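Student: What follows is a single structure, and I will ask about it in a moment.
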Amino acid sequence: MSFSSKSFVLVTYFYLISRENVNRSYGVAARVHCKTVVAKTRCPDLDSSLHLYILDCFCISLIKNPSLPPPSATSGAVGGMDGAPIEDGFPAVKLFNQGYSYTYDDVIFHPGYIDFPADAVQLGTKLSRNVHLSIPCVASPMDTVTESAMAVAMATVGGVGIIHSNNSAAEQAALVRSAKSRRVPFVSDPVVKSAFDSVDSVSDFGSAPYVLVTESGTAKSKMLGVVLRSDWEKLSDKGVKVCEYMVSSPESVPASYDFEQVAGYLAAKKLSFVPLVRDDEVVDVVTTADVERIRGFPKLGMPSLDAKGEFLVGAAIGTRESDKERLEHLVKAGANVIVLDSSQGNSIYQIEMTKYAKKMFPEVDVIGGNVVTIRQAQNLIQAGVDGLRVGMGSGSICTTQEVCAVGRGQATAVYKVSSIAERSGVPVIADGGISNSGHIVKALTLGASTVMMGSFLAGSSEAPGAYENKNGLKIKKYRGMGSLEAMTKGSDARYLGDTAKLKIAQGVVGAVADKGSVLKFIPYTMQAVKQGFQDLGASSLQSAHDLLRSELRLEVRTGAAQVEGGVHGLVSHEKKYF
Ligand SMILES: NC(=O)C1=CN([C@@H]2O[C@H](COP(=O)(O)OP(=O)(O)OC[C@H]3O[C@@H](n4cnc5c(N)ncnc54)[C@H](O)[C@@H]3O)[C@@H](O)[C@H]2O)C=CC1
Ligand SMILES: O=c1[nH]c(=O)c2[nH+]cn([C@@H]3O[C@H](COP(=O)(O)O)[C@@H](O)[C@H]3O)c2[nH]1
Ligand SMILES: [K+]
């Protein structure tokens with residue numbers, strides 16, 4: 001059989017378009033043309049001018065209908081010299097059905113076709129059925145990751161934080177309330193004293209240049225004045241009571257003021273700081289340095305707010321009987337979404353807790369997990385969860401796979417669970433194992449709607465705990481919730497029954513390097529994610545999910561390919577992303 005060069009062009013063109021594309025979106029006219037083209041290419045002795053006539057018709061229909069997508073560079077098969085398709089990459093469905101457990105670093109996506117700028121990529125998404133976010137980022141419910149400051153920062157940049165439950169129900173509810181009471185994008189935690197206290201040492205100031213003075217010496221009390229560090233330093237007798245030298249009744253503003261209103265007030269009154277007060281309680285203090293710092297960060301997107309205009313905040317609970325009371329405290333405190341926090345969510349305990357929570361508080365979304373298989377996910381979907389958290393043993397501090405021999409490679413887990421969850425409209429959180437923006441792109445493209453992060457956020461200034469210096473490096477503690485240390489602190493009862501004597505850790509205690517503020521590095525990370533989506537040819541999360549189930553092609557990277565994909569062959573280098 002012999003083809004003329006014209007019919008070769010025709011056949012090549014057809015395969016570039018790909019039959020899948022044509023069937024999906026090119027419309028009836030184009031489909032008819034292409035079917036005819038296929039028929040002709042199978043009968044090579046037909047006149048090649050007829051082939052070209054059909055191609056012309058097809059091109060005309062493309063020109064007449066500009067909404068038709070262009071030929072896709074991600075199509076799996078292209079025409080070879082003899083017209084036979086040449087396979088180029090695997091569709092996800094094929095790649096993830098080979099009996100291997102793949103993680104993010106194992107897989108790589110083929111680039112797609114770019115016809116939009118990176119800034120046009122929309123990262124808006126759903127955390128759960130009824131909770132929308134403007135960026136797909138969630139802070140993990142861990143006691144070295146998410147308390148009020150992290151929840152406020154994450155909501156400020158358009159994500160959300162889930163407040164951990166390694167504390168009493170009252171303490172956790174107070175953290176939720178504290179985050180929800182803020183309008184400014186940080187929590188400053190000022191030091192408060194009574195008028196009859198003294199400021200004995202410079203460490204009494206904490207990190208602020210002032211101490212607040214209230215009637216009772218706590219934040220929940222009438223504001224009386226302020227001790228400026230500069231005034232205190234001039235004192236010869238440091239033991240005098242603060243009422244003798246404090247600045248009385250400094251100007252304050254309502255805590256309902258947002259960041260711009262507070263900044264405007266400071267500028268208009270030429271003040272260096274102003275307390276934010278609600279019902280005679282000092283909620284926060286904003287300084288001019290705070291205003292400059294925040295203005296210096298990349299422009300923030302839409303913050304995550306609830307129907308009342310308050311920051312969106314999530315909270316975790318367990319599946320014990322006592323968690324029912326915790327749940328009530330949290331809902332009363334204003335938690336917008338509840339995460340049932342377990343390493344293995346497919347349990348009678350979680351199914352019953354899901355049903356209980358949905359019955360008692362139908363207006364609050366419940367996220368179940370963790371799961372890594374379709375079967376686990378189906379049980380929780382049937383129980384009524386509004387979202388699913390995926391990941392077992394993939395976290396940086398996790399030892400579950402070593403200790404219990406269960407879990408799954410995170411790329412496979414996310415792909416499989418998302419495939420089933422999508423059918424019920426249940427959004428998936430890819431939890432654990434995120435250490436760079438590429439991992440986020442992979443998780444979202446493999447079907448997740450958000451990513452949950454622990455170690456990625458734990459070194460930020462918003463994570464709980466103070467920085468330490470180790471060998472010249474500024475670090476913060478980061479620990480697994482299943483580490484012995486964390487269990488001893490509060491989650492004791494979760495382990496092997498309340499009375500168990502033998503505790504087995506499924507996590508470690510470690511430290512991570514200082515990363516600065518979430519308000520700065522999350523916007524940069526999201527810009528990197530947008531660039532990844534642009535390379536794929538996906539202008540939104542939905543379009544990435546559509547690609548996953550159509551033209552997207554993937555491959556597994558060999559060990560050498562992974563080395564090649566990283567920085568290699570240099571004597572030294574410094575990694576700086578922004
Ligand atoms: N994603 C992951 O890979 C992992 C996460 N973690 C984290 O560590 C923390 C603890 O996780 P888990 O140990 O899985 O907590 P868990 O509370 O789900 O389970 C602890 C033990 O208590 C049992 N249990 C739960 N509810 C019960 C009830 N109502 N009655 C009787 N027994 C009950 C469970 O079956 C299990 O044996 C969580 O924060 C979790 O996210 C821990 C290990 C792995
Ligand atoms: O095996 C585990 N033992 C633990 O002690 C533990 N604590 C947290 N997690 C899970 O790890 C996730 C955070 O992972 P990354 O640091 O990788 O973001 C978290 O979001 C959790 O899913 C644990 N897993
Ligand atoms: K791990």
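Going through the structure tokens in order, the chains are called A, B, and so on, while each chain numbers its residues from 1 and the ligands are numbered from 1 in the order shown.
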Run DSSP on the backbone and grab whatever in region 76-212 of chain A lands in strand (DSSP E); send it over as a list in words.
Tutor: Ala77, Val78, Gly79, Pro85, Ile86, Glu87, Val107, Ile108, Phe109, Thr125, Lys126, Leu127, Ser128, Val131, His132, Leu133, Cys137, Val138, Ala139, Val160, Gly161, Ile162, Ile163, Val192, Lys193, Ser194, Tyr210, Val211 and Leu212 of chain A
Student: Residues within 8 Å of ligand 1, counting only C-alpha atoms and all ligand atoms: report them as a PyMOL selection string.
Tutor: chain A and resi 141-142+164+318-321+341-345+347+349-350+370+390-395+398-401+407+431-432+480-483+491+493-497+506-507
Student: Find the residues near Gly532 (chain A): any atom within 10 Å, counting only C-alpha atoms, skip ones fewer than 2 places away on the same chain, and give them as an mmCIF file with all heavy atoms, in the first residue's frame.
Tutor:
```
data_model
loop_
_atom_site.group_PDB
_atom_site.id
_atom_site.type_symbol
_atom_site.label_atom_id
_atom_site.label_comp_id
_atom_site.auth_asym_id
_atom_site.auth_seq_id
_atom_site.Cartn_x
_atom_site.Cartn_y
_atom_site.Cartn_z
ATOM 1 N N PRO A 111 3.502 17.778 29.213
ATOM 2 C CA PRO A 111 2.940 19.125 29.059
ATOM 3 C C PRO A 111 1.818 19.128 28.026
ATOM 4 O O PRO A 111 1.780 18.265 27.144
ATOM 5 C CB PRO A 111 4.121 19.969 28.603
ATOM 6 C CG PRO A 111 5.223 19.041 28.304
ATOM 7 C CD PRO A 111 4.886 17.674 28.780
ATOM 8 N N ALA A 118 -0.512 32.475 32.577
ATOM 9 C CA ALA A 118 -0.551 31.798 33.886
ATOM 10 C C ALA A 118 -1.482 32.524 34.854
ATOM 11 O O ALA A 118 -2.168 31.893 35.656
ATOM 12 C CB ALA A 118 0.856 31.705 34.471
ATOM 13 N N VAL A 121 -5.118 31.431 35.273
ATOM 14 C CA VAL A 121 -5.496 30.155 35.897
ATOM 15 C C VAL A 121 -6.320 30.438 37.165
ATOM 16 O O VAL A 121 -5.932 31.230 38.012
ATOM 17 C CB VAL A 121 -4.248 29.312 36.260
ATOM 18 C CG1 VAL A 121 -4.641 28.072 37.054
ATOM 19 C CG2 VAL A 121 -3.501 28.922 34.994
ATOM 20 N N SER A 437 5.820 22.950 45.212
ATOM 21 C CA SER A 437 4.635 23.338 44.426
ATOM 22 C C SER A 437 4.285 22.271 43.387
ATOM 23 O O SER A 437 3.122 22.079 43.045
ATOM 24 C CB SER A 437 4.872 24.690 43.755
ATOM 25 O OG SER A 437 6.042 24.641 42.962
ATOM 26 N N GLY A 438 5.296 21.542 42.900
ATOM 27 C CA GLY A 438 5.041 20.481 41.924
ATOM 28 C C GLY A 438 4.158 19.394 42.515
ATOM 29 O O GLY A 438 3.280 18.854 41.839
ATOM 30 N N ILE A 440 1.900 19.878 44.706
ATOM 31 C CA ILE A 440 0.528 20.430 44.755
ATOM 32 C C ILE A 440 -0.124 20.288 43.382
ATOM 33 O O ILE A 440 -1.272 19.847 43.265
ATOM 34 C CB ILE A 440 0.548 21.913 45.217
ATOM 35 C CG1 ILE A 440 1.179 22.019 46.615
ATOM 36 C CG2 ILE A 440 -0.864 22.491 45.209
ATOM 37 C CD1 ILE A 440 1.281 23.432 47.173
ATOM 38 N N VAL A 441 0.623 20.626 42.334
ATOM 39 C CA VAL A 441 0.083 20.490 40.964
ATOM 40 C C VAL A 441 -0.308 19.032 40.721
ATOM 41 O O VAL A 441 -1.379 18.732 40.171
ATOM 42 C CB VAL A 441 1.116 20.960 39.916
ATOM 43 C CG1 VAL A 441 0.614 20.690 38.503
ATOM 44 C CG2 VAL A 441 1.437 22.437 40.094
ATOM 45 N N LYS A 442 0.549 18.115 41.144
ATOM 46 C CA LYS A 442 0.274 16.690 40.910
ATOM 47 C C LYS A 442 -0.985 16.256 41.671
ATOM 48 O O LYS A 442 -1.866 15.597 41.113
ATOM 49 C CB LYS A 442 1.480 15.837 41.316
ATOM 50 C CG LYS A 442 2.618 15.942 40.304
ATOM 51 C CD LYS A 442 3.844 15.168 40.738
ATOM 52 C CE LYS A 442 4.965 15.317 39.699
ATOM 53 N NZ LYS A 442 6.222 14.690 40.123
ATOM 54 N N THR A 445 -4.094 17.761 40.036
ATOM 55 C CA THR A 445 -4.363 17.215 38.705
ATOM 56 C C THR A 445 -4.823 15.764 38.792
ATOM 57 O O THR A 445 -5.609 15.308 37.961
ATOM 58 C CB THR A 445 -3.104 17.352 37.823
ATOM 59 O OG1 THR A 445 -2.712 18.719 37.840
ATOM 60 C CG2 THR A 445 -3.364 16.917 36.395
ATOM 61 N N MET A 526 1.311 29.606 45.178
ATOM 62 C CA MET A 526 0.143 29.523 44.279
ATOM 63 C C MET A 526 0.486 30.011 42.871
ATOM 64 O O MET A 526 -0.051 29.516 41.885
ATOM 65 C CB MET A 526 -1.026 30.331 44.857
ATOM 66 C CG MET A 526 -1.650 29.688 46.082
ATOM 67 S SD MET A 526 -2.220 27.982 45.773
ATOM 68 C CE MET A 526 -0.923 27.020 46.523
ATOM 69 N N GLN A 527 1.408 30.972 42.795
ATOM 70 C CA GLN A 527 1.830 31.436 41.467
ATOM 71 C C GLN A 527 2.558 30.304 40.736
ATOM 72 O O GLN A 527 2.361 30.095 39.534
ATOM 73 C CB GLN A 527 2.733 32.678 41.610
ATOM 74 C CG GLN A 527 3.018 33.393 40.313
ATOM 75 C CD GLN A 527 1.755 33.877 39.612
ATOM 76 O OE1 GLN A 527 0.750 34.186 40.253
ATOM 77 N NE2 GLN A 527 1.775 33.905 38.278
ATOM 78 N N ALA A 528 3.370 29.553 41.486
ATOM 79 C CA ALA A 528 4.075 28.415 40.881
ATOM 80 C C ALA A 528 3.069 27.352 40.427
ATOM 81 O O ALA A 528 3.215 26.749 39.355
ATOM 82 C CB ALA A 528 5.052 27.818 41.894
ATOM 83 N N VAL A 529 2.035 27.132 41.227
ATOM 84 C CA VAL A 529 0.995 26.150 40.869
ATOM 85 C C VAL A 529 0.290 26.597 39.582
ATOM 86 O O VAL A 529 0.019 25.795 38.682
ATOM 87 C CB VAL A 529 -0.017 25.974 42.034
ATOM 88 C CG1 VAL A 529 -1.234 25.171 41.603
ATOM 89 C CG2 VAL A 529 0.675 25.295 43.218
ATOM 90 N N LYS A 530 0.025 27.898 39.475
ATOM 91 C CA LYS A 530 -0.618 28.412 38.257
ATOM 92 C C LYS A 530 0.247 28.141 37.039
ATOM 93 O O LYS A 530 -0.253 27.805 35.964
ATOM 94 C CB LYS A 530 -0.870 29.926 38.382
ATOM 95 C CG LYS A 530 -2.029 30.270 39.303
ATOM 96 C CD LYS A 530 -2.258 31.772 39.319
ATOM 97 C CE LYS A 530 -3.443 32.111 40.215
ATOM 98 N NZ LYS A 530 -3.749 33.550 40.187
ATOM 99 N N GLN A 534 -0.677 25.989 33.780
ATOM 100 C CA GLN A 534 -0.553 26.546 32.427
ATOM 101 C C GLN A 534 0.204 25.575 31.527
ATOM 102 O O GLN A 534 -0.194 25.317 30.393
ATOM 103 C CB GLN A 534 0.165 27.897 32.487
ATOM 104 C CG GLN A 534 0.174 28.605 31.150
ATOM 105 C CD GLN A 534 1.217 29.706 31.087
ATOM 106 O OE1 GLN A 534 2.263 29.630 31.737
ATOM 107 N NE2 GLN A 534 0.931 30.725 30.301
ATOM 108 N N ASP A 535 1.295 25.010 32.041
ATOM 109 C CA ASP A 535 2.074 24.044 31.256
ATOM 110 C C ASP A 535 1.227 22.837 30.848
ATOM 111 O O ASP A 535 1.401 22.272 29.771
ATOM 112 C CB ASP A 535 3.296 23.556 32.051
ATOM 113 C CG ASP A 535 4.413 24.591 32.078
ATOM 114 O OD1 ASP A 535 4.389 25.510 31.240
ATOM 115 O OD2 ASP A 535 5.304 24.481 32.943
ATOM 116 N N LEU A 536 0.316 22.462 31.738
ATOM 117 C CA LEU A 536 -0.549 21.314 31.428
ATOM 118 C C LEU A 536 -1.641 21.682 30.430
ATOM 119 O O LEU A 536 -2.262 20.810 29.821
ATOM 120 C CB LEU A 536 -1.226 20.806 32.711
ATOM 121 C CG LEU A 536 -0.341 20.078 33.708
ATOM 122 C CD1 LEU A 536 -1.075 19.900 35.024
ATOM 123 C CD2 LEU A 536 0.065 18.713 33.157
ATOM 124 N N GLY A 537 -1.910 22.988 30.320
ATOM 125 C CA GLY A 537 -3.021 23.433 29.476
ATOM 126 C C GLY A 537 -4.329 23.422 30.243
ATOM 127 O O GLY A 537 -5.397 23.329 29.651
ATOM 128 N N ALA A 538 -4.243 23.523 31.575
ATOM 129 C CA ALA A 538 -5.452 23.518 32.416
ATOM 130 C C ALA A 538 -5.643 24.901 33.016
ATOM 131 O O ALA A 538 -4.781 25.378 33.749
ATOM 132 C CB ALA A 538 -5.313 22.477 33.520
#
```
Student: So that I can check the surroundings of Glu310 (chain A), please list as a compact mmCIF listing (two decimals) with N, CA and C atoms, in the first residue's frame every protein, DNA and RNA residue that reaches within 8 Å of it, counting only C-alpha atoms and ignoring chain neighbours fewer than 5 positions away.
Tutor:
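New file part_12.txt:
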```
# COMPACT_ATOMS: atom_id res chain seq x y z
N LYS A 180 -11.92 33.36 64.69
CA LYS A 180 -13.11 33.94 64.05
C LYS A 180 -13.34 35.38 64.46
N SER A 181 -12.72 35.80 65.57
CA SER A 181 -12.95 37.17 66.03
C SER A 181 -12.03 38.17 65.33
N ARG A 182 -11.06 37.67 64.53
CA ARG A 182 -10.12 38.58 63.88
C ARG A 182 -10.66 39.13 62.56
N ARG A 183 -10.23 40.37 62.23
CA ARG A 183 -10.47 40.93 60.90
C ARG A 183 -9.15 41.28 60.23
N LEU A 305 -14.19 33.71 53.76
CA LEU A 305 -15.11 34.25 54.78
C LEU A 305 -16.39 33.44 54.78
```
Student: For CA of Asp386 (chain A) and CA of Tyr356 (chain A), quote the distance in Å rounded to one decimal.
Tutor: 13.6 Å
Student: What's around Phe311 (chain A) at 9 Å? Count only C-alpha atoms, leave out sequence neighbours fewer than 2 positions away in its own chain, and write the answer as JSON, numbers by chain.
Tutor: {"A": [151, 152, 155, 156, 160, 179, 180, 181, 182, 183, 303, 304, 305, 306, 308, 309, 313]}
Student: Restricting it to N, CA, C and O atoms, dump the selection as an mmCIF file, in the first residue's frame.
Tutor:
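Here's the written file result.cif:
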```cif
data_model
loop_
_atom_site.group_PDB
_atom_site.id
_atom_site.type_symbol
_atom_site.label_atom_id
_atom_site.label_comp_id
_atom_site.auth_asym_id
_atom_site.auth_seq_id
_atom_site.Cartn_x
_atom_site.Cartn_y
_atom_site.Cartn_z
ATOM 1 N N ALA A 151 -4.838 29.609 61.359
ATOM 2 C CA ALA A 151 -6.179 29.624 60.770
ATOM 3 C C ALA A 151 -6.471 30.995 60.160
ATOM 4 O O ALA A 151 -7.025 31.095 59.053
ATOM 5 N N VAL A 152 -6.078 32.052 60.869
ATOM 6 C CA VAL A 152 -6.307 33.415 60.361
ATOM 7 C C VAL A 152 -5.488 33.662 59.087
ATOM 8 O O VAL A 152 -5.998 34.190 58.093
ATOM 9 N N ALA A 155 -6.931 31.640 56.129
ATOM 10 C CA ALA A 155 -8.187 32.223 55.633
ATOM 11 C C ALA A 155 -7.907 33.541 54.918
ATOM 12 O O ALA A 155 -8.550 33.865 53.917
ATOM 13 N N THR A 156 -6.917 34.276 55.394
ATOM 14 C CA THR A 156 -6.575 35.552 54.760
ATOM 15 C C THR A 156 -6.143 35.361 53.307
ATOM 16 O O THR A 156 -6.506 36.143 52.431
ATOM 17 N N VAL A 160 -7.746 27.576 54.176
ATOM 18 C CA VAL A 160 -8.394 27.363 55.475
ATOM 19 C C VAL A 160 -7.456 26.581 56.390
ATOM 20 O O VAL A 160 -6.623 25.801 55.917
ATOM 21 N N ALA A 179 -9.768 32.834 66.343
ATOM 22 C CA ALA A 179 -9.543 33.019 64.897
ATOM 23 C C ALA A 179 -10.730 33.723 64.261
ATOM 24 O O ALA A 179 -10.571 34.618 63.421
ATOM 25 N N LYS A 180 -11.921 33.362 64.690
ATOM 26 C CA LYS A 180 -13.107 33.936 64.054
ATOM 27 C C LYS A 180 -13.340 35.381 64.463
ATOM 28 O O LYS A 180 -14.042 36.121 63.769
ATOM 29 N N SER A 181 -12.722 35.797 65.572
ATOM 30 C CA SER A 181 -12.949 37.169 66.031
ATOM 31 C C SER A 181 -12.035 38.169 65.327
ATOM 32 O O SER A 181 -12.172 39.367 65.501
ATOM 33 N N ARG A 182 -11.064 37.670 64.533
ATOM 34 C CA ARG A 182 -10.116 38.581 63.875
ATOM 35 C C ARG A 182 -10.661 39.125 62.559
ATOM 36 O O ARG A 182 -11.404 38.448 61.857
ATOM 37 N N ARG A 183 -10.232 40.375 62.232
ATOM 38 C CA ARG A 183 -10.469 40.931 60.900
ATOM 39 C C ARG A 183 -9.146 41.277 60.226
ATOM 40 O O ARG A 183 -9.090 41.509 59.044
ATOM 41 N N PRO A 303 -10.128 36.577 50.567
ATOM 42 C CA PRO A 303 -10.031 35.776 51.791
ATOM 43 C C PRO A 303 -11.191 34.798 51.899
ATOM 44 O O PRO A 303 -12.216 34.967 51.236
ATOM 45 N N SER A 304 -11.026 33.772 52.743
ATOM 46 C CA SER A 304 -12.106 32.810 52.961
ATOM 47 C C SER A 304 -12.978 33.318 54.100
ATOM 48 O O SER A 304 -12.530 33.349 55.251
ATOM 49 N N LEU A 305 -14.190 33.710 53.764
ATOM 50 C CA LEU A 305 -15.108 34.248 54.775
ATOM 51 C C LEU A 305 -16.389 33.437 54.784
ATOM 52 O O LEU A 305 -16.791 32.889 53.749
ATOM 53 N N ASP A 306 -17.023 33.369 55.955
ATOM 54 C CA ASP A 306 -18.311 32.664 56.023
ATOM 55 C C ASP A 306 -19.447 33.641 55.731
ATOM 56 O O ASP A 306 -19.205 34.813 55.403
ATOM 57 N N LYS A 308 -21.321 35.215 57.615
ATOM 58 C CA LYS A 308 -21.343 36.394 58.495
ATOM 59 C C LYS A 308 -20.178 37.333 58.220
ATOM 60 O O LYS A 308 -19.991 38.322 58.917
ATOM 61 N N GLY A 309 -19.331 36.980 57.267
ATOM 62 C CA GLY A 309 -18.181 37.826 56.962
ATOM 63 C C GLY A 309 -16.994 37.528 57.867
ATOM 64 O O GLY A 309 -16.004 38.258 57.877
ATOM 65 N N VAL A 313 -13.142 28.886 59.437
ATOM 66 C CA VAL A 313 -12.252 28.104 60.301
ATOM 67 C C VAL A 313 -12.791 26.680 60.423
ATOM 68 O O VAL A 313 -14.003 26.485 60.582
#
```
Student: Using only C-alpha atoms, find each residue of region 100-178 of chain A with at least one atom at most 12 Å away from an atom of region 277-290 of chain A; report its shortest atom-to-atom pair and that distance in Å (one decimal), sort the rows by chain and rising residue number, and return the result as a Markdown table.
Tutor:
```
| residue | atom | partner | partner_atom | distance |
| --- | --- | --- | --- | --- |
| A:Ala149 | CA | A:Asp284 | CA | 11.5 |
| A:Arg177 | CA | A:Val283 | CA | 10.8 |
| A:Ser178 | CA | A:Val283 | CA | 8.0 |
```
Student: With only C-alpha atoms as the counted atoms, please give the residues lying no more than 9 Å from Ala316 (chain A), apart from itself and same-chain residues fewer than 5 positions off, as a PyMOL selection string.
Tutor: chain A and resi 141+162-165+327+337-341
Student: Between A:Pro209, A:Glu462, A:Pro91, A:Lys503, single out the one closest to Phe109 (chain A), counting only C-alpha atoms.
Tutor: A:Pro91
Student: So which residues touch region 372-377 of chain A within 10 Å, counting only C-alpha atoms, skipping near sequence neighbours fewer than 4 positions away, as a ChimeraX atom specification?
Tutor: /A:343-347,368,381-383,385,387-393,406-421,426,430
Student: Tell me, in Å to one decimal, how far CA of Phe96 (chain A) is from CA of Val366 (chain A).
Tutor: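 The value is 28.7 Å.
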Student: One decimal, Å: what's the distance from CA of Lys489 (chain A) over to atom 4 (C, counted along the ligand's line) of ligand 2, could you say?
Tutor: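 Those two atoms sit 13.8 Å apart.
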Student: Could you pull out all residues of region 203-271 of chain A with a DSSP call of alpha helix (DSSP H) and give them as a PyMOL selection string?
Tutor: chain A and resi 229-234+259-269
Student: A:Ala139, A:Val107, A:Ala255, A:Ala463: which is nearest ligand 2, counting only C-alpha atoms and all ligand atoms?
Tutor: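 Checking each of A:Ala139, A:Val107, A:Ala255, A:Ala463 against ligand 2, counting only C-alpha atoms and all ligand atoms, the winner is A:Ala139.
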